[in-house]
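Have a look at final.cif; it's mmCIF, C-alpha atoms:
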data_data
#
loop_
_atom_site.label_atom_id
_atom_site.label_comp_id
_atom_site.auth_asym_id
_atom_site.auth_seq_id
_atom_site.Cartn_x
_atom_site.Cartn_y
_atom_site.Cartn_z
CA MET A 1 167.90 212.25 210.22
CA LEU A 2 171.22 210.52 210.79
CA ALA A 3 169.19 207.57 212.06
CA LEU A 4 167.25 207.49 208.80
CA PHE A 5 170.47 207.62 206.78
CA LEU A 6 171.98 204.79 208.79
CA ARG A 7 168.84 202.70 208.50
CA GLU A 8 168.71 203.12 204.73
CA ALA A 9 172.41 202.41 204.37
CA ARG A 10 172.09 199.32 206.54
CA LEU A 11 169.11 198.08 204.56
CA GLY A 12 171.01 198.65 201.34
CA THR A 13 174.00 196.63 202.42
CA ARG A 14 172.12 193.73 204.02
CA ALA A 15 171.61 190.53 202.07
CA GLY A 16 168.95 190.62 199.39
CA SER A 17 169.08 194.36 198.81
CA GLY A 18 170.59 194.07 195.35
CA ALA A 19 173.07 196.90 195.81
CA LEU A 20 175.61 195.06 193.67
CA THR A 21 173.17 194.51 190.82
CA GLY A 22 173.95 197.97 189.52
CA VAL A 23 177.69 197.34 189.49
CA LEU A 24 177.23 194.03 187.67
CA PHE A 25 174.93 195.66 185.12
CA PHE A 26 177.42 198.48 184.62
CA LEU A 27 180.18 195.94 184.11
CA ALA A 28 178.07 193.98 181.62
CA VAL A 29 177.19 197.06 179.55
CA VAL A 30 180.76 198.33 179.36
CA ALA A 31 182.27 194.88 178.79
CA VAL A 32 180.15 194.08 175.72
CA ILE A 33 180.77 197.40 173.95
CA PRO A 34 184.28 196.50 172.65
CA PHE A 35 182.87 193.28 171.20
CA GLY A 36 180.14 195.27 169.50
CA VAL A 37 182.15 198.09 167.99
CA GLY A 38 185.26 196.05 167.18
CA PRO A 39 188.89 196.27 168.25
CA ASP A 40 189.54 199.81 167.03
CA LEU A 41 191.46 201.21 170.01
CA ASN A 42 191.23 204.83 168.89
CA LEU A 43 187.49 204.63 168.44
CA LEU A 44 187.08 202.99 171.87
CA ALA A 45 189.20 205.67 173.51
CA ARG A 46 187.09 208.36 171.86
CA ILE A 47 183.70 206.96 172.84
CA GLY A 48 184.94 205.56 176.18
CA PRO A 49 183.79 208.39 178.49
CA ALA A 50 180.38 208.46 176.80
CA ILE A 51 179.97 204.70 177.24
CA LEU A 52 180.96 204.98 180.90
CA TRP A 53 178.33 207.67 181.37
CA ILE A 54 175.57 205.77 179.57
CA GLY A 55 176.39 202.61 181.48
CA ALA A 56 176.39 204.39 184.83
CA LEU A 57 173.17 206.23 183.97
CA LEU A 58 171.30 203.03 183.11
CA ALA A 59 172.76 201.17 186.09
CA SER A 60 171.75 203.93 188.49
CA LEU A 61 168.15 203.71 187.27
CA LEU A 62 168.03 200.11 188.54
CA GLY A 63 166.40 199.84 191.91
CA LEU A 64 165.19 203.44 191.93
CA GLU A 65 161.54 202.38 191.92
CA ARG A 66 162.08 200.60 195.23
CA LEU A 67 163.10 203.89 196.86
CA PHE A 68 159.64 204.49 198.31
CA GLN A 69 157.81 201.32 197.33
CA ALA A 70 159.63 199.19 199.90
CA ASP A 71 158.58 201.65 202.61
CA ARG A 72 155.03 201.73 201.31
CA ASP A 73 154.74 197.95 201.30
CA ASP A 74 155.65 197.59 204.96
CA GLY A 75 153.77 200.67 206.14
CA SER A 76 156.82 202.76 207.11
CA LEU A 77 155.98 205.34 204.47
CA ASP A 78 152.81 206.33 206.38
CA LEU A 79 154.86 206.89 209.49
CA LEU A 80 157.55 208.85 207.65
CA LEU A 81 154.85 211.11 206.19
CA LEU A 82 153.06 211.48 209.54
CA ALA A 83 156.28 212.74 211.09
CA GLY A 84 156.15 215.60 208.59
CA SER A 85 155.82 218.26 211.26
CA ARG A 86 158.95 217.03 213.01
CA HIS A 87 161.03 216.22 209.95
CA MET A 88 160.00 218.06 206.79
CA THR A 89 159.00 215.41 204.26
CA ALA A 90 161.26 216.91 201.60
CA LEU A 91 164.20 216.56 203.96
CA THR A 92 163.28 212.94 204.64
CA VAL A 93 163.22 212.33 200.89
CA PHE A 94 166.57 214.11 200.52
CA VAL A 95 168.18 211.90 203.15
CA LYS A 96 166.71 208.78 201.56
CA CYS A 97 168.11 209.87 198.19
CA LEU A 98 171.51 210.51 199.71
CA ALA A 99 171.56 207.07 201.32
CA HIS A 100 170.37 205.46 198.08
CA TRP A 101 173.14 207.22 196.18
CA THR A 102 175.80 206.19 198.70
CA VAL A 103 174.81 202.55 198.66
CA ASN A 104 173.77 202.00 195.04
CA VAL A 105 175.48 204.63 192.90
CA LEU A 106 178.75 205.39 194.67
CA PRO A 107 180.02 201.85 193.91
CA LEU A 108 179.45 202.63 190.20
CA VAL A 109 181.65 205.69 190.50
CA VAL A 110 184.27 203.61 192.28
CA VAL A 111 184.45 200.94 189.57
CA ALA A 112 184.30 203.46 186.73
CA PRO A 113 188.14 203.90 186.51
CA LEU A 114 188.57 200.14 186.15
CA LEU A 115 185.96 199.98 183.41
CA GLY A 116 187.63 202.98 181.76
CA LEU A 117 190.69 200.78 181.27
CA PHE A 118 188.53 198.30 179.34
CA MET A 119 187.72 201.10 176.94
CA ASN A 120 191.34 202.19 176.44
CA VAL A 121 190.60 205.67 177.81
CA GLU A 122 193.73 207.60 178.72
CA PRO A 123 194.35 208.34 182.44
CA THR A 124 193.26 211.99 182.26
CA GLY A 125 190.03 210.92 180.58
CA ILE A 126 189.41 208.25 183.22
CA MET A 127 189.90 210.76 185.99
CA ALA A 128 187.63 213.28 184.28
CA ALA A 129 184.92 210.68 183.67
CA THR A 130 185.05 209.50 187.28
CA LEU A 131 184.93 213.05 188.59
CA THR A 132 181.96 213.99 186.38
CA LEU A 133 180.18 210.79 187.43
CA ALA A 134 180.73 211.60 191.10
CA VAL A 135 179.33 215.10 190.60
CA GLY A 136 176.55 214.27 188.13
CA THR A 137 175.00 211.02 189.36
CA PRO A 138 173.37 212.54 192.48
CA ALA A 139 171.22 214.57 190.08
CA ILE A 140 169.96 211.30 188.54
CA THR A 141 168.97 210.00 191.98
CA PHE A 142 167.18 213.24 192.90
CA ILE A 143 165.25 213.28 189.62
CA GLY A 144 164.57 209.58 190.05
CA ALA A 145 163.01 210.23 193.44
CA VAL A 146 160.26 212.22 191.73
CA GLY A 147 159.54 209.35 189.35
CA ALA A 148 159.66 206.84 192.20
CA ALA A 149 157.25 208.95 194.27
CA LEU A 150 154.81 209.29 191.37
CA ALA A 151 154.85 205.56 190.69
CA VAL A 152 154.86 204.51 194.33
CA ALA A 153 151.36 203.04 194.19
CA LEU A 154 151.95 201.08 190.97
CA PRO A 155 152.90 197.45 191.48
CA ARG A 156 155.11 197.27 188.35
CA GLY A 157 156.32 200.82 188.21
CA GLY A 158 159.98 200.07 187.51
CA LEU A 159 160.07 200.65 183.77
CA LEU A 160 157.61 203.51 184.06
CA VAL A 161 159.92 205.30 186.49
CA SER A 162 162.83 204.97 184.07
CA VAL A 163 160.79 206.23 181.13
CA LEU A 164 159.37 209.11 183.17
CA ILE A 165 162.71 210.43 184.28
CA LEU A 166 164.86 209.71 181.21
CA PRO A 167 163.95 212.97 179.43
CA LEU A 168 164.93 214.88 182.57
CA VAL A 169 168.30 213.20 182.99
CA ILE A 170 169.32 213.84 179.36
CA PRO A 171 170.81 217.27 180.23
CA VAL A 172 172.85 215.66 182.99
CA LEU A 173 174.16 213.10 180.49
CA ILE A 174 174.95 215.77 177.88
CA PHE A 175 176.97 217.99 180.21
CA GLY A 176 178.59 215.04 181.96
CA VAL A 177 179.88 213.59 178.69
CA ALA A 178 180.81 217.05 177.39
CA ALA A 179 182.96 217.71 180.44
CA ALA A 180 184.56 214.25 180.35
CA ARG A 181 185.37 214.68 176.65
CA GLY A 182 186.59 218.23 177.25
CA ALA A 183 189.36 216.87 179.45
CA ILE A 184 190.89 214.80 176.65
CA ALA A 185 189.85 216.38 173.31
CA ASP A 186 191.91 219.53 173.19
CA PRO A 187 189.78 222.33 171.75
CA ASP A 188 186.78 221.41 173.89
CA PRO A 189 186.68 223.09 177.32
CA PHE A 190 186.32 221.09 180.54
CA LEU A 191 185.32 223.63 183.13
CA PRO A 192 182.13 225.22 181.69
CA PRO A 193 180.19 221.96 181.14
CA PHE A 194 181.51 220.65 184.46
CA LEU A 195 180.19 223.70 186.31
CA ILE A 196 176.83 223.39 184.57
CA LEU A 197 176.77 219.73 185.64
CA ALA A 198 177.42 220.75 189.25
CA ALA A 199 174.69 223.38 188.97
CA LEU A 200 172.25 220.75 187.66
CA THR A 201 172.97 218.53 190.65
CA LEU A 202 172.42 221.40 193.08
CA LEU A 203 169.22 222.44 191.33
CA PHE A 204 167.76 218.95 191.36
CA ALA A 205 168.88 218.42 194.96
CA VAL A 206 166.32 221.12 195.83
CA ILE A 207 163.57 220.53 193.26
CA GLY A 208 163.66 216.72 193.35
CA PRO A 209 162.93 216.16 197.05
CA LEU A 210 160.31 218.95 197.12
CA ALA A 211 158.44 217.50 194.13
CA ALA A 212 158.77 213.96 195.44
CA ALA A 213 157.43 215.01 198.85
CA LEU A 214 154.41 216.60 197.18
CA ALA A 215 153.81 213.51 195.07
CA LEU A 216 154.00 211.26 198.13
CA ARG A 217 151.64 213.53 200.05
CA TRP A 218 148.97 213.11 197.40
CA SER A 219 149.55 209.46 196.66
CA GLY A 220 147.89 208.51 199.95
CA ASP A 221 145.30 205.78 199.88
CA MET B 222 143.81 218.01 225.39
CA ARG B 223 140.81 217.49 223.22
CA PHE B 224 140.20 216.18 219.80
CA ALA B 225 136.99 216.15 217.84
CA ALA B 226 135.67 215.04 214.49
CA GLU B 227 132.94 217.25 213.12
CA ASP B 228 130.60 215.88 210.49
CA LEU B 229 133.52 213.99 209.03
CA GLY B 230 133.25 212.32 205.64
CA GLY B 231 135.80 210.15 203.90
CA GLU B 232 136.16 208.64 200.46
CA ARG B 233 138.27 206.08 198.69
CA GLY B 234 138.92 206.51 195.00
CA GLY B 235 136.10 209.05 194.68
CA GLU B 236 133.50 206.77 196.32
CA PRO B 237 132.15 208.01 199.65
CA VAL B 238 132.84 205.42 202.33
CA PHE B 239 131.35 207.15 205.32
CA ALA B 240 129.86 210.52 206.12
CA GLY B 241 128.51 212.50 209.03
CA VAL B 242 130.78 211.04 211.69
CA SER B 243 131.03 213.28 214.75
CA PHE B 244 132.60 212.64 218.11
CA ALA B 245 134.72 214.41 220.68
CA LEU B 246 137.33 212.89 222.95
CA SER B 247 139.28 214.48 225.75
CA ALA B 248 142.25 213.25 227.77
CA GLY B 249 141.77 209.77 229.20
CA GLU B 250 138.98 208.74 226.87
CA ALA B 251 138.88 205.98 224.32
CA LEU B 252 136.66 205.34 221.34
CA LEU B 253 136.01 201.93 219.87
CA VAL B 254 135.16 202.01 216.17
CA THR B 255 133.24 198.92 215.13
CA GLY B 256 131.33 197.87 212.07
CA PRO B 257 131.30 195.32 209.26
CA ASN B 258 134.08 195.01 206.68
CA GLY B 259 134.11 197.91 204.29
CA ALA B 260 132.30 200.23 206.68
CA GLY B 261 135.21 202.67 206.54
CA LYS B 262 136.93 202.04 209.86
CA SER B 263 140.43 202.11 208.40
CA THR B 264 139.57 205.07 206.17
CA LEU B 265 138.28 206.94 209.22
CA LEU B 266 141.57 206.40 211.05
CA ARG B 267 143.60 207.52 208.05
CA VAL B 268 141.46 210.63 207.71
CA LEU B 269 141.83 211.35 211.42
CA CYS B 270 145.61 211.37 211.29
CA GLY B 271 145.68 213.25 208.03
CA LEU B 272 147.04 210.57 205.71
CA LEU B 273 143.86 210.94 203.65
CA PRO B 274 142.04 214.22 203.03
CA ALA B 275 138.54 214.48 204.52
CA SER B 276 135.88 214.80 201.84
CA ARG B 277 133.83 216.97 204.21
CA GLY B 278 133.94 218.20 207.76
CA GLY B 279 137.17 218.28 209.66
CA VAL B 280 139.26 217.12 212.57
CA ARG B 281 139.93 219.56 215.37
CA PHE B 282 142.75 219.09 217.77
CA SER B 283 143.37 221.50 220.59
CA GLY B 284 145.17 221.81 223.90
CA GLY B 285 148.36 220.15 222.72
CA GLY B 286 150.42 223.26 223.36
CA ASP B 287 153.69 223.86 221.55
CA GLU B 288 154.69 220.26 221.85
CA TRP B 289 151.78 218.84 219.87
CA PRO B 290 150.65 221.58 217.50
CA ASP B 291 148.52 219.37 215.26
CA MET B 292 146.94 215.98 214.99
CA ALA B 293 149.67 214.40 212.85
CA SER B 294 152.37 215.33 215.34
CA ALA B 295 150.36 214.14 218.33
CA CYS B 296 149.36 210.69 217.15
CA HIS B 297 150.78 207.24 216.84
CA TYR B 298 149.28 205.40 213.91
CA LEU B 299 149.29 201.62 214.00
CA GLY B 300 147.95 200.43 210.68
CA HIS B 301 147.49 197.01 209.13
CA ARG B 302 151.12 197.00 208.17
CA ASN B 303 153.68 197.03 210.90
CA GLY B 304 156.11 199.60 209.54
CA MET B 305 159.14 197.48 210.36
CA LYS B 306 161.96 196.36 208.08
CA THR B 307 162.27 192.59 207.84
CA ALA B 308 166.03 192.76 207.18
CA LEU B 309 166.78 194.66 210.39
CA SER B 310 166.62 193.25 213.89
CA VAL B 311 163.69 194.13 216.12
CA THR B 312 165.87 196.34 218.29
CA GLU B 313 167.38 198.13 215.29
CA ASN B 314 163.87 198.85 214.05
CA LEU B 315 162.76 200.23 217.39
CA VAL B 316 165.93 202.29 217.89
CA PHE B 317 165.36 203.86 214.49
CA TRP B 318 161.74 204.74 215.18
CA GLN B 319 162.57 206.13 218.61
CA ASP B 320 165.25 208.35 217.08
CA PHE B 321 163.11 209.41 214.13
CA LEU B 322 159.85 209.99 216.00
CA GLY B 323 161.46 211.72 218.96
CA HIS B 324 159.90 212.21 222.44
CA ALA B 325 161.69 209.12 223.72
CA HIS B 326 159.62 207.28 226.30
CA LEU B 327 160.71 203.74 227.14
CA SER B 328 163.97 202.26 225.93
CA PRO B 329 163.57 199.65 223.15
CA GLN B 330 164.52 196.85 225.54
CA GLU B 331 161.97 197.98 228.17
CA ALA B 332 159.29 198.32 225.49
CA LEU B 333 160.01 194.81 224.22
CA GLU B 334 159.74 193.46 227.75
CA MET B 335 156.39 195.22 228.14
CA VAL B 336 155.02 193.26 225.18
CA GLY B 337 156.72 190.03 226.25
CA LEU B 338 159.42 189.98 223.58
CA GLY B 339 162.38 190.81 225.81
CA GLU B 340 164.36 187.81 224.64
CA ILE B 341 164.23 188.24 220.90
CA GLY B 342 165.32 191.81 220.26
CA HIS B 343 168.37 190.62 218.35
CA LEU B 344 166.41 188.58 215.78
CA PRO B 345 165.65 190.00 212.35
CA PHE B 346 162.06 191.22 212.23
CA GLY B 347 161.43 188.89 209.29
CA TYR B 348 161.98 185.81 211.48
CA LEU B 349 159.08 186.63 213.80
CA SER B 350 155.62 185.09 213.66
CA THR B 351 152.56 187.21 212.83
CA GLY B 352 151.64 187.72 216.46
CA GLN B 353 155.19 188.55 217.48
CA ARG B 354 155.44 191.09 214.65
CA ARG B 355 152.29 192.73 215.90
CA ARG B 356 153.65 192.86 219.42
CA ALA B 357 156.92 194.34 218.18
CA SER B 358 155.02 197.09 216.41
CA ILE B 359 152.98 197.69 219.57
CA ALA B 360 156.36 198.20 221.25
CA ARG B 361 156.89 201.06 218.78
CA LEU B 362 153.97 202.88 220.45
CA LEU B 363 155.92 202.72 223.69
CA VAL B 364 159.40 203.82 222.63
CA SER B 365 158.20 207.31 221.63
CA TYR B 366 155.52 209.18 223.49
CA ARG B 367 152.42 210.37 221.65
CA PRO B 368 149.24 211.40 223.48
CA VAL B 369 146.89 210.02 220.82
CA TRP B 370 146.95 206.41 219.64
CA LEU B 371 145.11 205.55 216.45
CA LEU B 372 144.96 201.77 216.24
CA ASP B 373 143.72 199.78 213.28
CA GLU B 374 142.88 196.21 214.28
CA PRO B 375 145.61 196.33 216.92
CA THR B 376 145.02 192.85 218.24
CA SER B 377 144.87 190.95 214.95
CA GLY B 378 147.12 187.92 215.25
CA LEU B 379 147.59 188.25 219.00
CA ASP B 380 146.92 185.38 221.36
CA ARG B 381 144.69 185.67 224.42
CA ALA B 382 147.52 186.48 226.82
CA SER B 383 148.98 189.18 224.57
CA GLU B 384 145.53 190.69 224.15
CA ALA B 385 145.20 191.03 227.89
CA GLN B 386 148.69 192.48 228.10
CA PHE B 387 147.85 195.01 225.39
CA ALA B 388 144.60 195.95 227.15
CA GLU B 389 146.68 196.68 230.22
CA LEU B 390 149.05 198.90 228.21
CA MET B 391 146.09 200.81 226.78
CA GLY B 392 144.64 201.20 230.26
CA VAL B 393 147.91 202.73 231.48
CA HIS B 394 148.02 205.06 228.50
CA LEU B 395 144.48 206.26 229.23
CA GLU B 396 145.26 206.77 232.90
CA ASP B 397 148.19 208.96 231.88
CA GLY B 398 145.77 211.19 230.04
CA GLY B 399 146.15 209.67 226.60
CA ILE B 400 143.48 209.27 223.96
CA ILE B 401 142.82 206.07 222.03
CA VAL B 402 140.77 205.48 218.90
CA ALA B 403 140.75 201.81 217.95
CA ALA B 404 139.06 200.17 214.99
CA THR B 405 138.36 196.55 215.73
CA HIS B 406 136.06 193.57 215.48
CA LEU B 407 137.26 192.05 218.71
CA PRO B 408 136.55 193.34 222.21
CA LEU B 409 139.69 195.05 223.47
CA GLY B 410 139.01 194.49 227.14
CA LEU B 411 138.78 198.17 228.01
CA ASP B 412 136.18 199.31 230.51
CA GLY B 413 133.79 202.14 229.96
CA VAL B 414 134.77 203.11 226.45
CA ARG B 415 132.41 204.65 223.99
CA GLU B 416 131.59 202.87 220.80
CA LEU B 417 131.10 204.27 217.33
CA ARG B 418 129.21 201.92 215.06
CA MET B 419 130.06 202.52 211.44
CA GLY B 420 128.26 201.30 208.36
CA GLU B 421 124.82 202.53 209.36
CA ARG B 422 124.92 206.11 208.29
CA VAL B 423 126.55 205.78 204.88
CA GLU B 424 124.67 207.76 202.31
#

Represent the structure from my file as structure tokens, please.
Amino acid sequence: MLALFLREARLGTRAGSGALTGVLFFLAVVAVIPFGVGPDLNLLARIGPAILWIGALLASLLGLERLFQADRDDGSLDLLLLAGSRHMTALTVFVKCLAHWTVNVLPLVVVAPLLGLFMNVEPTGIMAATLTLAVGTPAITFIGAVGAALAVALPRGGLLVSVLILPLVIPVLIFGVAAARGAIADPDPFLPPFLILAALTLLFAVIGPLAAALALRWSGD
Amino acid sequence: MRFAAEDLGGERGGEPVFAGVSFALSAGEALLVTGPNGAGKSTLLRVLCGLLPASRGGVRFSGGGDEWPDMASACHYLGHRNGMKTALSVTENLVFWQDFLGHAHLSPQEALEMVGLGEIGHLPFGYLSTGQRRRASIARLLVSYRPVWLLDEPTSGLDRASEAQFAELMGVHLEDGGIIVAATHLPLGLDGVRELRMGERVE
């Protein structure tokens, strides 16, 4: 399984993998917001954590559809599925998700504090937003794996994957933003939404790979 | 070790492709699956290893012991596509598959030498020619041990010399008590193998 993780990570960082596309997209989304809403610093500070979350959410959807399609195109997916009795398929999916998150989504979390500065978010808010992103974004990848597995046989499944999984990632967004806002807006609590966010990630870490493995099993052709 | 197909039927997208295929193979035997395009050779192989459900009948695999409890765990599947990543080097690909598939057999370097690619293990898989890619994926059959080889057009893209080399590898595998099912148009250079002609019994 470590071998699979290393292979995926290596593939993600080699030339032509597009791992930085997400970061650039994230940067673009966050950078244009101040031009759109105007130079009201208070307003920017208030909506800042939400913008960071929306930007990171959309950026982490990029490239999700390639999660299994790349393997299907070169025939590796057949071999990964055939090894199901040695490595449970759900576990294989889980490791692939983990590698995908490390290579494509972790950089988003890393640049989030910098982009928080663009939005005039105070330091506590930046820290809270980064922490909630680190805890919440794995859930997006695990949910995305289900969409990617369902659309694996479709040649242009990218948008379909995003549309399929968006309704499911809305709760993650809601609790992520609620926790990030809770850290700066005084009456709102931080801990309860943060714990729910962590619970969502754990829940989807189990359900996502299992559902994706089932979908892959029956997508055979 | 023994594996048998009993009245096997397969379909693609709801259309029956073949039906009523029966055969039995035991250790050291090979089966050549021939037939025109569209006769269901590839579908048969995918049904045999369990990547596609059988529309009727079934595949029975026995005598594998604890090590090979079922067909999927006991077989190497070499399909049309090579299952290698173009961005990784040939050796990296083989090291990954050896680690992932388990039952290490030959080292990646030895396997590459067996298929005549000993010099180019460091090159990215994407730089190789069609025939070299095929040979590299044949090397995958050698880095991990599996008693059953299911081969789909294994020699497509290979030159005459590589074909002979591959025939030799298959001969060794059979002598070791392996089983081979190969779908092909071309003669594989194996002696005394049985042949299953497809495309004549489709309902």

**OP:** Using all atoms listed in the file, find the one residue out of B:Asn258, B:Ser383, B:Thr264, B:Thr307 that sits nearest to Ala70 in chain A.
**Re:**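 Looking at the shortest contact to Ala70 in chain A, the residue is B:Thr307.
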
Within 9 Å of chain A, which residues of chain B come that close, and what is the closest atom pair and distance in Å for each? Count only C-alpha atoms and give it as a tab-separated table.
residue	atom	partner	partner_atom	distance
B:Arg233	CA	A:Asp221	CA	7.1
B:Gly234	CA	A:Asp221	CA	8.1
B:Thr264	CA	A:Asp221	CA	8.5
B:Arg267	CA	A:Asp221	CA	8.5
B:Cys270	CA	A:Leu82	CA	7.7
B:Gly271	CA	A:Leu82	CA	7.7
B:Leu272	CA	A:Gly220	CA	6.2
B:Leu273	CA	A:Gly220	CA	6.0
B:Pro274	CA	A:Gly220	CA	8.7
B:Pro290	CA	A:Ser85	CA	8.8
B:Asp291	CA	A:Ser85	CA	8.4
B:Ala293	CA	A:Leu82	CA	5.6
B:Ser294	CA	A:Ser85	CA	6.1
B:Cys296	CA	A:Leu82	CA	8.5
B:His297	CA	A:Leu79	CA	8.4
B:Tyr298	CA	A:Leu79	CA	7.3
B:Leu299	CA	A:Leu79	CA	8.9
B:Gly300	CA	A:Gly75	CA	7.4
B:His301	CA	A:Gly75	CA	7.9
B:Arg302	CA	A:Gly75	CA	5.0
B:Asn303	CA	A:Gly75	CA	6.0
B:Gly304	CA	A:Ser76	CA	4.0
B:Met305	CA	A:Asp74	CA	6.4
B:Lys306	CA	A:Asp74	CA	7.1
B:Thr307	CA	A:Asp74	CA	8.8
B:Ala308	CA	A:Leu11	CA	6.7
B:Leu309	CA	A:Leu11	CA	7.1
B:Glu313	CA	A:Arg7	CA	8.3
B:Asn314	CA	A:Arg7	CA	8.4
B:Val316	CA	A:Ala3	CA	8.5
B:Phe317	CA	A:Ala3	CA	5.9
B:Trp318	CA	A:Ala3	CA	8.6
B:Asp320	CA	A:Ala3	CA	6.4
B:Phe321	CA	A:Ala3	CA	6.7
B:Leu322	CA	A:Ala83	CA	6.7
B:Gly323	CA	A:Arg86	CA	8.4

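Residue nearest Ala226 in chain B within the list B:Ala240, B:Leu269, B:Leu253, B:Leu349: B:Leu269 [criterion: smallest interatomic distance, all atoms listed in the file].
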
Original post:
Which residues come within 7 Å of Ala225 in chain B, counting all atoms listed in the file, excluding same-chain residues fewer than 4 positions away, as a list of chain:residue names?
Top reply: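 Everything that qualifies: B:Phe244, B:Ala245, B:Leu246, B:Val280, B:Arg281, B:Phe282.
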
Residue members of the PyMOL selection byres ((chain A and resi 183) around 12) in the file shown, as a compact mmCIF listing (two decimals) with C-alpha atoms, keeping the file's coordinate frame:
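Written file, out-v2.txt:
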# COMPACT_ATOMS: atom_id res chain seq x y z
CA ARG A 46 187.09 208.36 171.86
CA PRO A 49 183.79 208.39 178.49
CA VAL A 121 190.60 205.67 177.81
CA GLU A 122 193.73 207.60 178.72
CA PRO A 123 194.35 208.34 182.44
CA THR A 124 193.26 211.99 182.26
CA GLY A 125 190.03 210.92 180.58
CA ILE A 126 189.41 208.25 183.22
CA MET A 127 189.90 210.76 185.99
CA ALA A 128 187.63 213.28 184.28
CA ALA A 129 184.92 210.68 183.67
CA THR A 130 185.05 209.50 187.28
CA LEU A 131 184.93 213.05 188.59
CA THR A 132 181.96 213.99 186.38
CA GLY A 176 178.59 215.04 181.96
CA VAL A 177 179.88 213.59 178.69
CA ALA A 178 180.81 217.05 177.39
CA ALA A 179 182.96 217.71 180.44
CA ALA A 180 184.56 214.25 180.35
CA ARG A 181 185.37 214.68 176.65
CA GLY A 182 186.59 218.23 177.25
CA ILE A 184 190.89 214.80 176.65
CA ALA A 185 189.85 216.38 173.31
CA ASP A 186 191.91 219.53 173.19
CA PRO A 187 189.78 222.33 171.75
CA ASP A 188 186.78 221.41 173.89
CA PRO A 189 186.68 223.09 177.32
CA PHE A 190 186.32 221.09 180.54
CA LEU A 191 185.32 223.63 183.13
CA PRO A 192 182.13 225.22 181.69
CA PRO A 193 180.19 221.96 181.14
CA PHE A 194 181.51 220.65 184.46

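Using the PyMOL selection byres ((chain A and resi 20) around 12) on this structure selects Gly12, Thr13, Arg14, Ala15, Gly16, Ser17, Gly18, Ala19, Thr21, Gly22, Val23, Leu24, Phe25, Phe26, Leu27, Ala59, Ser60, Leu62, Gly63, Val103, Asn104, Val105, Leu106, Pro107, Leu108 and Val111 of chain A.
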
Original post:
Quick one, how far is CA of Leu133 in chain A from CA of Ala90 in chain A?
Top reply: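 Distance reported for this atom pair: 24.4 Å.
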
Subject >> Two-atom distance - CA of Arg415 in chain B, CA of Glu389 in chain B (Å) >> reply: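 Here the two named atoms are 17.5 Å from each other.
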
Applied to this file, what does the PyMOL selection byres ((chain B and resi 333) around 9) return in terms of residues, put as a PDB file with C-alpha atoms, in the coordinates of the input?
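Output file selection.pdb is given in full below:
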ATOM      1  CA  VAL B 311     163.690 194.130 216.120  1.00  0.00           C
ATOM      2  CA  THR B 312     165.870 196.340 218.290  1.00  0.00           C
ATOM      3  CA  SER B 328     163.970 202.260 225.930  1.00  0.00           C
ATOM      4  CA  PRO B 329     163.570 199.650 223.150  1.00  0.00           C
ATOM      5  CA  GLN B 330     164.520 196.850 225.540  1.00  0.00           C
ATOM      6  CA  GLU B 331     161.970 197.980 228.170  1.00  0.00           C
ATOM      7  CA  ALA B 332     159.290 198.320 225.490  1.00  0.00           C
ATOM      8  CA  GLU B 334     159.740 193.460 227.750  1.00  0.00           C
ATOM      9  CA  MET B 335     156.390 195.220 228.140  1.00  0.00           C
ATOM     10  CA  VAL B 336     155.020 193.260 225.180  1.00  0.00           C
ATOM     11  CA  GLY B 337     156.720 190.030 226.250  1.00  0.00           C
ATOM     12  CA  LEU B 338     159.420 189.980 223.580  1.00  0.00           C
ATOM     13  CA  GLY B 339     162.380 190.810 225.810  1.00  0.00           C
ATOM     14  CA  GLU B 340     164.360 187.810 224.640  1.00  0.00           C
ATOM     15  CA  ILE B 341     164.230 188.240 220.900  1.00  0.00           C
ATOM     16  CA  GLY B 342     165.320 191.810 220.260  1.00  0.00           C
ATOM     17  CA  ARG B 356     153.650 192.860 219.420  1.00  0.00           C
ATOM     18  CA  ALA B 357     156.920 194.340 218.180  1.00  0.00           C
ATOM     19  CA  ILE B 359     152.980 197.690 219.570  1.00  0.00           C
ATOM     20  CA  ALA B 360     156.360 198.200 221.250  1.00  0.00           C
ATOM     21  CA  ARG B 361     156.890 201.060 218.780  1.00  0.00           C
ATOM     22  CA  LEU B 363     155.920 202.720 223.690  1.00  0.00           C
TER      23      LEU B 363
END

**OP:** Take CA of Leu417 in chain B and CA of Gly256 in chain B and report the distance between them in Å, one decimal.
**Re:**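 Distance between the two atoms: 8.3 Å.
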
Original post:
Quick one: of A:Ala198, A:Leu203, A:Leu58, A:His100, who's nearest to Leu166 in chain A, counting only C-alpha atoms?
Top reply: A:Leu58

Residues at most 7 Å from Gly231 in chain B, counting all atoms listed in the file, excluding those fewer than 6 positions away in the same chain, as a PDB file with C-alpha atoms, in the frame of the given file?
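Result file is out39.pdb:
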ATOM      1  CA  PRO B 237     132.150 208.010 199.650  1.00  0.00           C
ATOM      2  CA  VAL B 238     132.840 205.420 202.330  1.00  0.00           C
ATOM      3  CA  PHE B 239     131.350 207.150 205.320  1.00  0.00           C
ATOM      4  CA  ALA B 240     129.860 210.520 206.120  1.00  0.00           C
ATOM      5  CA  THR B 264     139.570 205.070 206.170  1.00  0.00           C
ATOM      6  CA  LEU B 265     138.280 206.940 209.220  1.00  0.00           C
ATOM      7  CA  VAL B 268     141.460 210.630 207.710  1.00  0.00           C
ATOM      8  CA  ALA B 275     138.540 214.480 204.520  1.00  0.00           C
ATOM      9  CA  SER B 276     135.880 214.800 201.840  1.00  0.00           C
TER      10      SER B 276
END

Original post:
So, counting only C-alpha atoms, which residue among B:Leu409, B:Ser243, B:Ser377, B:Ala404 is closest to Pro257 in chain B?
Top reply: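 Using only C-alpha atoms, Pro257 in chain B sits closest to B:Ala404.
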